[in-house]
Amino acid sequence: MADSKKVLKIIQAISLKMEEQKDYLTELDQPIGDSDHGINLGRGFAAVNEKLSGLEGKDIGTILKTVGMTLVSTVGGASGPLYGSAFMKAGQAMAGKEDADITDFLTIIKTAIEAVELRGKAVVEEATMLDAMVPSYQAMEQAVKEGKAAEEVLNAGVKAAWSGAEHTKDLIATKGRASYVGERGLGHQDPGATSYSFMLEEISKVTG
Amino acid sequence: MADSKKVLKIIQAISLKMEEQKDYLTELDQPIGDSDHGINLGRGFAAVNEKLSGLEGKDIGTILKTVGMTLVSTVGGASGPLYGSAFMKAGQAMAGKEDADITDFLTIIKTAIEAVELRGKAVVEEATMLDAMVPSYQAMEQAVKEGKAAEEVLNAGVKAAWSGAEHTKDLIATKGRASYVGERGLGHQDPGATSYSFMLEEISKVTG
Amino acid sequence: MKKFINDTVLVEEQMILGMVKAYPRHLKKLDCGNVVVRAEKKEGKVALISGGGSGHEPAHGGFVGTGMLDAAVAGPVFTSPTPDQIYEGIKAVATDAGVLMIVKNYTGDVMNFEMAAEMAEMEGITVKHVVTNDDVAVKDSLYTIGRRGVAGTVFVHKIAGAMAETGADLDKVQATAQKVIDNVRTMGAAIEPCTVPAAGKPGFTLSDDEMEIGIGIHGEPGTHREPVKKADEIVDMLLSQILEDIDYSGSEVAVMINGAGGTPLMELYIINNRVSDVLAEKGIRIHKTFVGEYMTSIEMQGFSISLLRLDDEMKQLLDAAADTPAWN
Amino acid sequence: MKKFINDTVLVEEQMILGMVKAYPRHLKKLDCGNVVVRAEKKEGKVALISGGGSGHEPAHGGFVGTGMLDAAVAGPVFTSPTPDQIYEGIKAVATDAGVLMIVKNYTGDVMNFEMAAEMAEMEGITVKHVVTNDDVAVKDSLYTIGRRGVAGTVFVHKIAGAMAETGADLDKVQATAQKVIDNVRTMGAAIEPCTVPAAGKPGFTLSDDEMEIGIGIHGEPGTHREPVKKADEIVDMLLSQILEDIDYSGSEVAVMINGAGGTPLMELYIINNRVSDVLAEKGIRIHKTFVGEYMTSIEMQGFSISLLRLDDEMKQLLDAAADTPAWN
Ligand SMILES: Nc1ncnc2c1ncn2[C@@H]1O[C@H](COP(=O)(O)OP(=O)(O)O)[C@@H](O)[C@H]1O
Ligand SMILES: Nc1ncnc2c1ncn2[C@@H]1O[C@H](COP(=O)(O)OP(=O)(O)O)[C@@H](O)[C@H]1O
Ligand SMILES: [Mg+2]
Ligand SMILES: [Mg+2]
Ligand SMILES: [Mg+2]
Ligand SMILES: [Mg+2]
């Protein structure tokens with residue numbers, strides 16, 4: 001599905017997307033949070049983007065770990081440790097690998113989810129990024145089981161991620177800042193679930 | 001022209017006028033001062049108004065002195081000591097008098113002007129209340145010299161006071177807060193010159 | 001957005017520099033980032049470190065100095081600092097007596113401080129932490145992240161800081177900090193929002209007759225919106241929620257009327273006038289009152305009331321001399 | 001107008017009550033009006049009294065206490081108190097050593113304080129006064145009322161207060177106050193006006209990209225209006241006008257970055273960052289820096305920079321211990 005060169009392309013595409021969606025993600029964070037999700041990720045992925053040239057020729061594990069460490073040390077807030085841990089742990093799982101097939105990709109996502117759940121002490125249905133991550137993982141797992149091609153698998157993932165993000169509008173958050181506004185959060189889409197959906201979309205675009 | 005009973009009526013009329021014009025005088029104080037001239041005088045003349053019943057049967061000197069002392073102790077700001085001293089000094093000049101003719105009235109105004117000049121260390125053409133006080137005094141003095149009746153004298157005074165107030169628009173203030181805004185004060189009518197014009201107008205109305 | 005700043009990306013650094021230049025006797029900035037430490041490192045005592053996003057000035061750098069914190073780590077405005085920043089702070093002030101981190105209860109703060117502690121422990125530094133959660137606006141529950149840490153955190157800085165200064169060991173300092181946390185409650189309201197420089201727009205908007213009740217300290221909206229009321233009525237509303245949470249009756253308290261940044265002292269005093277009266281009515285004795293800006297939300301027009309139930313030990317530690325830019 | 005108040009006519013009294021209730025160890029309110037005096041009358045020294053309109057909190061009540069003022073008289077917002085109020089203050093704190101009034105140069109303040117002094121002298125109390133006029137925004141001239149007294153006045157409170165506390169006689173205390181006045185200069189700017197509660201409307205309005213230069217402390221407009229600039233550029237503009245007025249080169253100064261009430265500390269620190277740098281460039285040594293709210297204009301968003309040229313005596317008096325709500 002992707003060699004380490006393509007992984008670098010994916011990371012670059014995600015970085016550009018985060019820059020592009022900076023204002024939108026920040027706006028989503030306004031009514032239920034503290035208006036900084038896009039700013040945070042924008043700052044983090046700008047730093048990631050600068051590291052990319054230095055990562056040429058490295059294995060996928062090293063690339064993902066470096067992305068994670070960079071996010072941890074530049075994003076801050078809640079999303080920094082969460083996305084940071086997700087990439088770092090995924091990198092550990094891919095240590096030494098030069099190529100990732102669709103099964104590896106599912107491992108990456110699963111590892112990332114576990115990292116977020118552990119760090120964030122959260123599960124699905126709490127109106128966080130997990131509400132995009134988990135259902136999209138399940139959709140992709142199902143698609144693989146059904147023997148779908150990588151492209152279709154990712155399409156199914158992206159679709160499920162967005163509907164998971166959409167679903168956060170119906171949830172009263174119990175984790176993250178959105179939990180402070182309680183019922184007022186109803187009708188608002190979680191910024192983290194949204195940023196995750198954008199990321200998956202970029203992966204699908206670059207690999208598809 | 002006025003016995004002590006009429007003087008009380010004048011003071012009452014002035015008090016009501018100040019209450020009525022509170023917002024307008026405060027607005028005039030906004031662009032060139034600190035938005036409080038009407039509030040200050042409103043507070044002071046409300047206190048004066050409450051003293052009026054206790055002044056029935058007193059001589060003109062006592063009435064004016066009491067008004068002055070009340071203003072001094074309730075108005076504050078620049079206008080408090082100025083109007084306060086003006087009334088107090090005028091009261092001294094009228095000590096024991098039960099009746100004031102037009103000559104006494106001119107004495108009252110002249111004494112008031114001197115009190116303001118002394119306390120305020122100011123002269124005409126500095127864009128203060130003196131620019132209504134002095135020209136209207138001169139107009140009234142002239143009218144008396146020409147043998148005009150009290151009513152006409154006062155009419156001339158009121159007219160001159162308002163045109164003096166109007167003239168402050170053309171002056172760059174050198175005293176009072178308006179001096180701080182320098183040329184920006186041009187085009188703005190001095191609040192103190194305005195409140196004085198209202199007072200003279202009330203005197204003219206009650207005696208006329 | 002109108003602000004006295006130069007560039008939204010330079011806000012945090014220039015602010016920290018300006019602060020350190022104002023108080024060179026108290027403060028020093030680490031070269032590696034927006035970390036403020038005592039001008040002279042204090043050895044032989046537990047080191048206290050706190051921090052969080054910027055925008056809460058004078059917190060947290062203003063509380064660095066004798067009798068309070070040893071280091072304050074400042075993230076971007078309203079964004080938790082990163083683990084490596086916090087780790088630099090820990091390294092700079094750590095002593096053999098160990099390090100206590102005072103963390104406000106926000107997902108981001110807790111996670112970043114935890115990661116920093118993990119890094120420090122790998123280097124053999126002993127790090128413990130407490131999590132402040134004084135905001136009664138948010139209902140505490142097993143299933144949620146719980147209450148937020150807000151202005152009451154400053155009492156933790158002061159009292160745990162005074163305990164650390166006595167040379168007490170890490171467990172004792174941590175227990176003291178926890179005792180303050182267990183006894184302090186806060187609630188706030190706002191009539192005007194604030195604007196994060198990098199966002200350029202206010203965190204929420206209110207019409208001319210609305211206020212937000214139950215605001216946090218990150219410019220985020222509160223728990224609900226109401227028509228503006230008289231100051232005394234707002235105080236009564238906030239106080240009753242605080243007094244429902246802890247039974248303060250018969251006890252002695254420290255009071256903090258904390259301005260959110262744009263609220264004039266005039267209004268904070270008017271607020272305190274009512275707070276004083278209500279507590280007197282309820283037989284709650286006031287040991288000391290603090291009125292001013294301790295934990296702000298940039299230029300938000302709002303305030304919070306904190307009540308800390310005191311025992312003799314806390315009273316003594318609260319009154320102990322401290323020498324920091326914002327508390328002395 | 002949104003404010004945390006109860007009633008526009010109760011603002012001043014409830015504020016003073018709330019202040020005194022916050023600091024009972026320092027302050028007492030006279031029954032006869034909004035006059036704040038030290039909780040314990042200090043005999044055997046020159047008594048210092050200051051005041052003016054309300055709206056400048058913590059000035060002036062916040063500076064009452066050991067080492068600074070003995071009494072502060074508060075008029076209505078931005079309106080000088082009346083002579084009889086001031087006279088009550090004088091009577092309450094007067095000692096055999098006499099009374100020094102520290103008056104800011106405004107027609108109203110000067111006249112009302114003068115009248116109060118006349119009343120006190122009739123009762124055999126010796127009263128002298130100084131008039132502060134540190135605001136360089138207003139050109140001084142023989143034909144005008146002259147410069148305004150603004151934030152620099154607080155340095156006069158502190159330094160003359162410390163001198164009075166040594167037991168120096170009235171002439172010496174007056175001369176010390178005058179020395180401070182002669183050596184202190186201030187200038188300010190604002191990006192948002194303030195609203196006098198009783199007026200209900202702001203003193204001026206600014207569009208989204210405008211600022212007022214040369215503002216006073218009564219919410220009045222400044223000397224002119226300009227497009228908003230970067231903080232550093234505004235600082236440079238204000239500083240250059242101050243430095244033109246007094247030659248500070250080669251001398252040692254105290255710096256005050258005074259917030260107008262609604263300006264967050266974040267911005268004041270950013271401002272100080274530049275002030276520090278410019279003074280360093282010009283070889284002007286900074287003895288001490290004060291960043292915070294000392295002399296506000298309710299909730300105005302603005303600031304002023306004050307520079308006080310120090311000699312050894314002033315340095316020592318500035319550094320002397322003081323114990324007041326707002327300076328300690
Ligand atoms: N405990 C948690 N577990 C999983 N995701 C979380 C948790 N807390 C917050 N998040 C995610 O982080 C996002 C907010 O990130 P960001 O705005 O960058 O940080 P902060 O909330 O500190 O300002 C939320 O939209 C949510 O998706
Ligand atoms: N030195 C002075 N001599 C004469 N009149 C003065 C002087 N200073 C101020 N005034 C008058 O006082 C008026 C302002 O009064 P007011 O607003 O009540 O007091 P303040 O200026 O203290 O706020 C001015 O409009 C002006 O007419
Ligand atoms: Mg956020
Ligand atoms: Mg006025
Ligand atoms: Mg944040
Ligand atoms: Mg006034």
# chains A, B, ... in the order shown; residues from 1 in each chain; ligands from 1
>>> residues_near_ligand(ligand="ligand 4", cutoff="9 Å", atoms="only C-alpha atoms and all ligand atoms", output="PyMOL selection string")
(chain B and resi 26+29-30+32-40+77-79+176-178+191-192) or (chain D and resi 78-79+108)
>>> write_last_selection(atoms="C-alpha atoms", output="short mmCIF file (atom, residue, chain, number, x, y, z; two decimals), in the first residue's frame")
data_model
loop_
_atom_site.label_atom_id
_atom_site.label_comp_id
_atom_site.auth_asym_id
_atom_site.auth_seq_id
_atom_site.Cartn_x
_atom_site.Cartn_y
_atom_site.Cartn_z
CA THR B 26 -22.78 65.94 30.38
CA ASP B 29 -18.44 67.70 28.57
CA GLN B 30 -17.68 64.50 26.69
CA ILE B 32 -13.50 68.07 25.59
CA GLY B 33 -13.77 67.02 29.22
CA ASP B 34 -14.73 64.07 31.35
CA SER B 35 -18.46 63.68 30.77
CA ASP B 36 -19.65 64.82 34.15
CA HIS B 37 -20.62 68.49 34.15
CA GLY B 38 -24.36 67.76 34.10
CA ILE B 39 -23.98 64.96 36.62
CA ASN B 40 -22.03 67.26 38.92
CA GLY B 77 -14.93 68.91 40.29
CA ALA B 78 -14.11 72.34 38.94
CA SER B 79 -17.64 73.66 38.74
CA GLY B 176 -10.04 73.54 32.72
CA ARG B 177 -9.94 70.08 31.22
CA ALA B 178 -10.68 71.35 27.74
CA PRO B 191 -20.31 73.06 29.25
CA GLY B 192 -19.79 75.63 32.03
CA PHE D 78 -13.63 61.25 37.89
CA THR D 79 -14.90 64.17 39.94
CA GLY D 108 -11.17 70.85 40.28
#
>>> select_by_dssp(residues="region 3-200 of chain B", states="alpha helix (DSSP H)", output="ChimeraX atom specification")
/B:4-20,22-32,37-51,60-74,79-93,102-120,130-145,150-167,178-181,191-200
>>> closest_atom_pairs(of="chain C", to="ligand 1", cutoff="10 Å", atoms="only C-alpha atoms and all ligand atoms", output="Markdown table")
| residue | atom | partner | partner_atom_place_in_ligand_line | distance |
| --- | --- | --- | --- | --- |
| C:Gly52 | CA | ligand 1 | 22 (O) | 10.0 |
| C:Gly53 | CA | ligand 1 | 22 (O) | 9.0 |
| C:Val77 | CA | ligand 1 | 23 (O) | 9.8 |
| C:Phe78 | CA | ligand 1 | 23 (O) | 7.0 |
| C:Thr79 | CA | ligand 1 | 23 (O) | 5.7 |
| C:Ser80 | CA | ligand 1 | 22 (O) | 6.3 |
| C:Pro81 | CA | ligand 1 | 22 (O) | 9.7 |
| C:Tyr106 | CA | ligand 1 | 22 (O) | 7.1 |
| C:Thr107 | CA | ligand 1 | 8 (N) | 5.5 |
| C:Gly108 | CA | ligand 1 | 22 (O) | 4.4 |
| C:Asp109 | CA | ligand 1 | 22 (O) | 7.3 |
| C:Val110 | CA | ligand 1 | 22 (O) | 9.8 |
| C:Met111 | CA | ligand 1 | 1 (N) | 8.9 |
| C:Asn112 | CA | ligand 1 | 22 (O) | 9.8 |
| C:Thr144 | CA | ligand 1 | 1 (N) | 9.3 |
| C:Ile145 | CA | ligand 1 | 1 (N) | 7.5 |
| C:His218 | CA | ligand 1 | 23 (O) | 8.7 |
| C:Glu220 | CA | ligand 1 | 23 (O) | 9.8 |
>>> write_last_selection(atoms="N, CA, C and O atoms", output="mmCIF file, in the first residue's frame")
data_model
loop_
_atom_site.group_PDB
_atom_site.id
_atom_site.type_symbol
_atom_site.label_atom_id
_atom_site.label_comp_id
_atom_site.auth_asym_id
_atom_site.auth_seq_id
_atom_site.Cartn_x
_atom_site.Cartn_y
_atom_site.Cartn_z
ATOM 1 N N GLY C 52 1.041 26.171 32.582
ATOM 2 C CA GLY C 52 -0.131 25.912 31.752
ATOM 3 C C GLY C 52 -0.038 26.838 30.557
ATOM 4 O O GLY C 52 1.040 27.354 30.246
ATOM 5 N N GLY C 53 -1.152 27.035 29.894
ATOM 6 C CA GLY C 53 -1.127 27.984 28.793
ATOM 7 C C GLY C 53 -0.809 29.376 29.291
ATOM 8 O O GLY C 53 -0.951 29.677 30.472
ATOM 9 N N VAL C 77 -0.808 30.805 24.307
ATOM 10 C CA VAL C 77 -2.000 31.283 25.001
ATOM 11 C C VAL C 77 -3.055 30.177 25.098
ATOM 12 O O VAL C 77 -3.457 29.615 24.073
ATOM 13 N N PHE C 78 -3.465 29.894 26.313
ATOM 14 C CA PHE C 78 -4.523 28.912 26.616
ATOM 15 C C PHE C 78 -4.219 27.511 26.107
ATOM 16 O O PHE C 78 -5.132 26.686 25.948
ATOM 17 N N THR C 79 -2.977 27.221 25.847
ATOM 18 C CA THR C 79 -2.605 25.886 25.392
ATOM 19 C C THR C 79 -1.510 25.348 26.298
ATOM 20 O O THR C 79 -0.500 26.020 26.515
ATOM 21 N N SER C 80 -1.731 24.173 26.798
ATOM 22 C CA SER C 80 -0.764 23.562 27.694
ATOM 23 C C SER C 80 0.627 23.542 27.071
ATOM 24 O O SER C 80 0.769 23.322 25.872
ATOM 25 N N PRO C 81 1.662 23.780 27.872
ATOM 26 C CA PRO C 81 3.020 23.653 27.343
ATOM 27 C C PRO C 81 3.316 22.190 27.032
ATOM 28 O O PRO C 81 2.616 21.293 27.499
ATOM 29 N N TYR C 106 -6.952 20.010 33.437
ATOM 30 C CA TYR C 106 -7.370 20.057 32.039
ATOM 31 C C TYR C 106 -6.681 18.890 31.362
ATOM 32 O O TYR C 106 -5.498 18.645 31.622
ATOM 33 N N THR C 107 -7.393 18.240 30.495
ATOM 34 C CA THR C 107 -6.830 17.085 29.797
ATOM 35 C C THR C 107 -5.420 17.381 29.309
ATOM 36 O O THR C 107 -4.490 16.629 29.558
ATOM 37 N N GLY C 108 -5.277 18.519 28.605
ATOM 38 C CA GLY C 108 -3.983 18.849 28.021
ATOM 39 C C GLY C 108 -2.920 19.038 29.085
ATOM 40 O O GLY C 108 -1.826 18.467 29.006
ATOM 41 N N ASP C 109 -3.212 19.831 30.093
ATOM 42 C CA ASP C 109 -2.228 20.068 31.148
ATOM 43 C C ASP C 109 -1.826 18.763 31.819
ATOM 44 O O ASP C 109 -0.634 18.480 32.001
ATOM 45 N N VAL C 110 -2.812 17.989 32.194
ATOM 46 C CA VAL C 110 -2.511 16.754 32.916
ATOM 47 C C VAL C 110 -1.630 15.838 32.061
ATOM 48 O O VAL C 110 -0.607 15.334 32.528
ATOM 49 N N MET C 111 -1.991 15.669 30.792
ATOM 50 C CA MET C 111 -1.225 14.748 29.940
ATOM 51 C C MET C 111 0.194 15.253 29.697
ATOM 52 O O MET C 111 1.158 14.485 29.762
ATOM 53 N N ASN C 112 0.342 16.551 29.424
ATOM 54 C CA ASN C 112 1.685 17.060 29.136
ATOM 55 C C ASN C 112 2.581 17.035 30.374
ATOM 56 O O ASN C 112 3.767 16.708 30.282
ATOM 57 N N THR C 144 -16.708 11.735 34.005
ATOM 58 C CA THR C 144 -16.182 12.864 33.235
ATOM 59 C C THR C 144 -14.771 13.155 33.707
ATOM 60 O O THR C 144 -14.274 12.565 34.666
ATOM 61 N N ILE C 145 -14.161 14.103 33.036
ATOM 62 C CA ILE C 145 -12.816 14.534 33.405
ATOM 63 C C ILE C 145 -12.831 15.277 34.725
ATOM 64 O O ILE C 145 -11.827 15.421 35.394
ATOM 65 N N HIS C 218 -10.021 29.934 30.238
ATOM 66 C CA HIS C 218 -9.417 29.841 28.913
ATOM 67 C C HIS C 218 -10.243 30.537 27.858
ATOM 68 O O HIS C 218 -10.208 30.177 26.686
ATOM 69 N N GLU C 220 -13.165 30.224 27.272
ATOM 70 C CA GLU C 220 -14.226 29.359 26.760
ATOM 71 C C GLU C 220 -15.567 29.808 27.346
ATOM 72 O O GLU C 220 -15.603 30.437 28.391
#
>>> atom_distance(atom1="CA of Met88 (chain A)", atom2="CA of Ile108 (chain A)")
10.1 Å
>>> closest_residue(among="A:Glu98, A:Glu20, A:Asp104, A:Glu183", to="chain C", atoms="only C-alpha atoms")
A:Glu183
>>> residues_around(residues="Ile11 (chain A)", least_positions_apart="3", cutoff="10 Å", atoms="only C-alpha atoms", output="tab-separated table (two decimals) with all heavy atoms, in the first residue's frame")
chain	number	residue	atom	x	y	z
A	6	LYS	N	6.26	7.02	0.21
A	6	LYS	CA	4.86	7.43	0.14
A	6	LYS	C	4.38	7.91	1.52
A	6	LYS	O	3.55	8.81	1.62
A	6	LYS	CB	3.99	6.25	-0.35
A	6	LYS	CG	2.68	6.72	-0.94
A	6	LYS	CD	1.99	5.63	-1.74
A	6	LYS	CE	1.60	6.12	-3.12
A	6	LYS	NZ	1.01	5.06	-3.94
A	7	VAL	N	4.89	7.26	2.54
A	7	VAL	CA	4.52	7.69	3.90
A	7	VAL	C	4.93	9.15	4.10
A	7	VAL	O	4.18	9.97	4.66
A	7	VAL	CB	5.15	6.78	4.97
A	7	VAL	CG1	4.96	7.36	6.37
A	7	VAL	CG2	4.53	5.37	4.89
A	8	LEU	N	6.12	9.48	3.62
A	8	LEU	CA	6.56	10.88	3.73
A	8	LEU	C	5.61	11.80	2.97
A	8	LEU	O	5.29	12.89	3.43
A	8	LEU	CB	7.98	11.04	3.17
A	8	LEU	CG	9.12	10.64	4.12
A	8	LEU	CD1	10.47	10.82	3.43
A	8	LEU	CD2	9.07	11.46	5.41
A	14	ILE	N	-0.78	15.67	4.88
A	14	ILE	CA	-1.50	15.98	6.13
A	14	ILE	C	-1.07	17.35	6.66
A	14	ILE	O	-1.90	18.16	7.09
A	14	ILE	CB	-1.24	14.87	7.18
A	14	ILE	CG1	-1.92	13.56	6.76
A	14	ILE	CG2	-1.71	15.31	8.56
A	14	ILE	CD1	-1.67	12.39	7.69
A	15	SER	N	0.22	17.62	6.62
A	15	SER	CA	0.73	18.91	7.11
A	15	SER	C	0.08	20.06	6.36
A	15	SER	O	-0.36	21.05	6.97
A	15	SER	CB	2.25	18.99	6.95
A	15	SER	OG	2.87	17.95	7.67
A	16	LEU	N	0.02	19.92	5.04
A	16	LEU	CA	-0.58	21.00	4.24
A	16	LEU	C	-2.06	21.14	4.57
A	16	LEU	O	-2.58	22.24	4.67
A	16	LEU	CB	-0.38	20.72	2.74
A	16	LEU	CG	1.08	20.75	2.28
A	16	LEU	CD1	1.18	20.37	0.79
A	16	LEU	CD2	1.69	22.14	2.52
A	17	LYS	N	-2.72	19.99	4.74
A	17	LYS	CA	-4.16	20.02	5.05
A	17	LYS	C	-4.40	20.72	6.39
A	17	LYS	O	-5.34	21.51	6.53
A	17	LYS	CB	-4.70	18.58	5.10
A	17	LYS	CG	-6.21	18.52	5.10
A	17	LYS	CD	-6.73	18.77	3.70
A	17	LYS	CE	-8.23	18.91	3.63
A	17	LYS	NZ	-8.65	19.36	2.31
A	45	PHE	N	2.19	20.67	12.85
A	45	PHE	CA	2.48	20.07	11.54
A	45	PHE	C	3.40	20.96	10.70
A	45	PHE	O	4.05	20.48	9.79
A	45	PHE	CB	1.18	19.70	10.82
A	45	PHE	CG	0.65	18.37	11.27
A	45	PHE	CD1	-0.36	18.29	12.22
A	45	PHE	CD2	1.21	17.20	10.78
A	45	PHE	CE1	-0.82	17.05	12.65
A	45	PHE	CE2	0.74	15.95	11.20
A	45	PHE	CZ	-0.27	15.88	12.15
A	48	VAL	N	6.52	19.57	11.84
A	48	VAL	CA	6.68	18.25	11.20
A	48	VAL	C	7.17	18.43	9.77
A	48	VAL	O	8.11	17.77	9.32
A	48	VAL	CB	5.34	17.49	11.22
A	48	VAL	CG1	5.39	16.30	10.26
A	48	VAL	CG2	5.01	17.01	12.64
A	49	ASN	N	6.53	19.34	9.07
A	49	ASN	CA	6.85	19.58	7.67
A	49	ASN	C	8.33	19.92	7.48
A	49	ASN	O	8.97	19.51	6.51
A	49	ASN	CB	5.97	20.71	7.14
A	49	ASN	CG	5.80	20.65	5.64
A	49	ASN	OD1	5.77	19.56	5.07
A	49	ASN	ND2	5.72	21.80	5.00
A	52	LEU	N	10.65	16.88	7.38
A	52	LEU	CA	10.45	15.84	6.37
A	52	LEU	C	11.69	15.57	5.54
A	52	LEU	O	12.06	14.40	5.32
A	52	LEU	CB	9.27	16.20	5.46
A	52	LEU	CG	7.89	16.09	6.13
A	52	LEU	CD1	6.78	16.38	5.14
A	52	LEU	CD2	7.70	14.69	6.75
A	63	ILE	N	9.98	7.28	10.76
A	63	ILE	CA	9.22	8.45	10.30
A	63	ILE	C	8.07	8.75	11.26
A	63	ILE	O	7.91	9.87	11.74
A	63	ILE	CB	8.67	8.21	8.87
A	63	ILE	CG1	9.83	8.13	7.88
A	63	ILE	CG2	7.69	9.31	8.47
A	63	ILE	CD1	9.41	7.69	6.48
A	64	LEU	N	7.26	7.70	11.54
A	64	LEU	CA	6.09	7.93	12.41
A	64	LEU	C	6.51	8.36	13.81
A	64	LEU	O	5.89	9.25	14.41
A	64	LEU	CB	5.24	6.66	12.47
A	64	LEU	CG	4.60	6.21	11.14
A	64	LEU	CD1	3.78	4.94	11.33
A	64	LEU	CD2	3.74	7.33	10.55
A	67	VAL	N	7.53	11.99	13.70
A	67	VAL	CA	6.34	12.84	13.62
A	67	VAL	C	5.71	12.96	15.00
A	67	VAL	O	5.37	14.05	15.47
A	67	VAL	CB	5.32	12.26	12.61
A	67	VAL	CG1	3.98	12.99	12.72
A	67	VAL	CG2	5.86	12.35	11.19
A	199	MET	N	-7.18	13.92	8.26
A	199	MET	CA	-5.94	13.15	8.11
A	199	MET	C	-6.18	11.88	7.30
A	199	MET	O	-5.43	11.56	6.38
A	199	MET	CB	-5.38	12.77	9.49
A	199	MET	CG	-4.78	13.95	10.24
A	199	MET	SD	-4.05	13.39	11.78
A	199	MET	CE	-4.08	14.92	12.71
A	202	GLU	N	-6.55	12.50	3.68
A	202	GLU	CA	-5.28	12.72	2.99
A	202	GLU	C	-4.58	11.40	2.71
A	202	GLU	O	-4.01	11.21	1.63
A	202	GLU	CB	-4.37	13.65	3.79
A	202	GLU	CG	-4.87	15.09	3.85
A	202	GLU	CD	-5.20	15.65	2.47
A	202	GLU	OE1	-4.29	15.69	1.62
A	202	GLU	OE2	-6.38	16.03	2.24
A	203	ILE	N	-4.62	10.51	3.69
A	203	ILE	CA	-4.00	9.19	3.49
A	203	ILE	C	-4.64	8.50	2.30
A	203	ILE	O	-3.95	7.96	1.41
A	203	ILE	CB	-4.16	8.31	4.75
A	203	ILE	CG1	-3.45	8.98	5.95
A	203	ILE	CG2	-3.59	6.90	4.51
A	203	ILE	CD1	-3.66	8.27	7.27
A	206	VAL	N	-3.57	10.22	-1.07
A	206	VAL	CA	-2.19	9.95	-1.52
A	206	VAL	C	-2.00	8.50	-1.94
A	206	VAL	O	-1.30	8.21	-2.90
A	206	VAL	CB	-1.18	10.35	-0.41
A	206	VAL	CG1	0.25	10.00	-0.84
A	206	VAL	CG2	-1.30	11.83	-0.09
>>> interface_residues(of="chain D", to="chain C", cutoff="8 Å", atoms="only C-alpha atoms", output="ChimeraX atom specification")
/D:1-7,11,14-19,21-23,55,57-58,191,208-209,228,230-232,261-274,276,288-291,298-299,328
>>> residues_around(residues="Lys205 (chain B)", least_positions_apart="6", cutoff="10 Å", atoms="only C-alpha atoms", output="PyMOL selection string")
chain B and resi 10+13+151+154-155+199
>>> write_last_selection(atoms="C-alpha atoms", output="PDB file, in the first residue's frame")
ATOM      1  CA  ILE B  10     -35.295  81.525  40.901  1.00  0.00           C
ATOM      2  CA  ALA B  13     -36.189  77.110  38.695  1.00  0.00           C
ATOM      3  CA  GLU B 151     -36.814  92.701  31.832  1.00  0.00           C
ATOM      4  CA  LEU B 154     -32.042  90.463  31.481  1.00  0.00           C
ATOM      5  CA  ASN B 155     -33.062  89.647  27.937  1.00  0.00           C
ATOM      6  CA  MET B 199     -29.109  79.803  34.816  1.00  0.00           C
TER       7      MET B 199
END
>>> closest_residue(among="C:Val138, C:Ile102, C:Ala47, C:Ile213", to="chain A", atoms="only C-alpha atoms")
C:Val138
>>> residues_around(residues="Asp70 (chain D)", least_positions_apart="5", cutoff="10 Å", atoms="only C-alpha atoms", output="list of chain:residue names")
D:Leu27, D:Val36, D:Val37, D:Arg38, D:Ala39, D:Glu40, D:Lys41, D:Lys42, D:Val46, D:Ala47, D:Leu48, D:Ile49, D:Ser50, D:Gly61, D:Phe63, D:Val64, D:Gly65, D:Gly89, D:Ile90, D:Ala92, D:Val93, D:Ala94, D:Val99, D:Leu100, D:Gly161
>>> atom_distance(atom1="CA of Ala322 (chain D)", atom2="CA of Ala162 (chain C)")
21.8 Å
>>> atom_distance(atom1="CA of Thr111 (chain B)", atom2="CA of Gly164 (chain B)")
18.9 Å
>>> residues_around(residues="Asn133 (chain D)", least_positions_apart="4", cutoff="8 Å", atoms="only C-alpha atoms", output="list in words")
Lys104, Asn105, Gly146, Arg147, Arg148, Gly149, Val150 and Ile181 of chain D
>>> residues_around(residues="Ala47 (chain A)", least_positions_apart="5", cutoff="12 Å", atoms="only C-alpha atoms", output="PyMOL selection string")
chain A and resi 11-12+15-16+18-19+40-42+52-53+66-75
>>> closest_residue(among="C:Ala198, C:Ile305, C:Leu310, C:Ile242", to="ligand 5", atoms="only C-alpha atoms and all ligand atoms")
C:Ala198
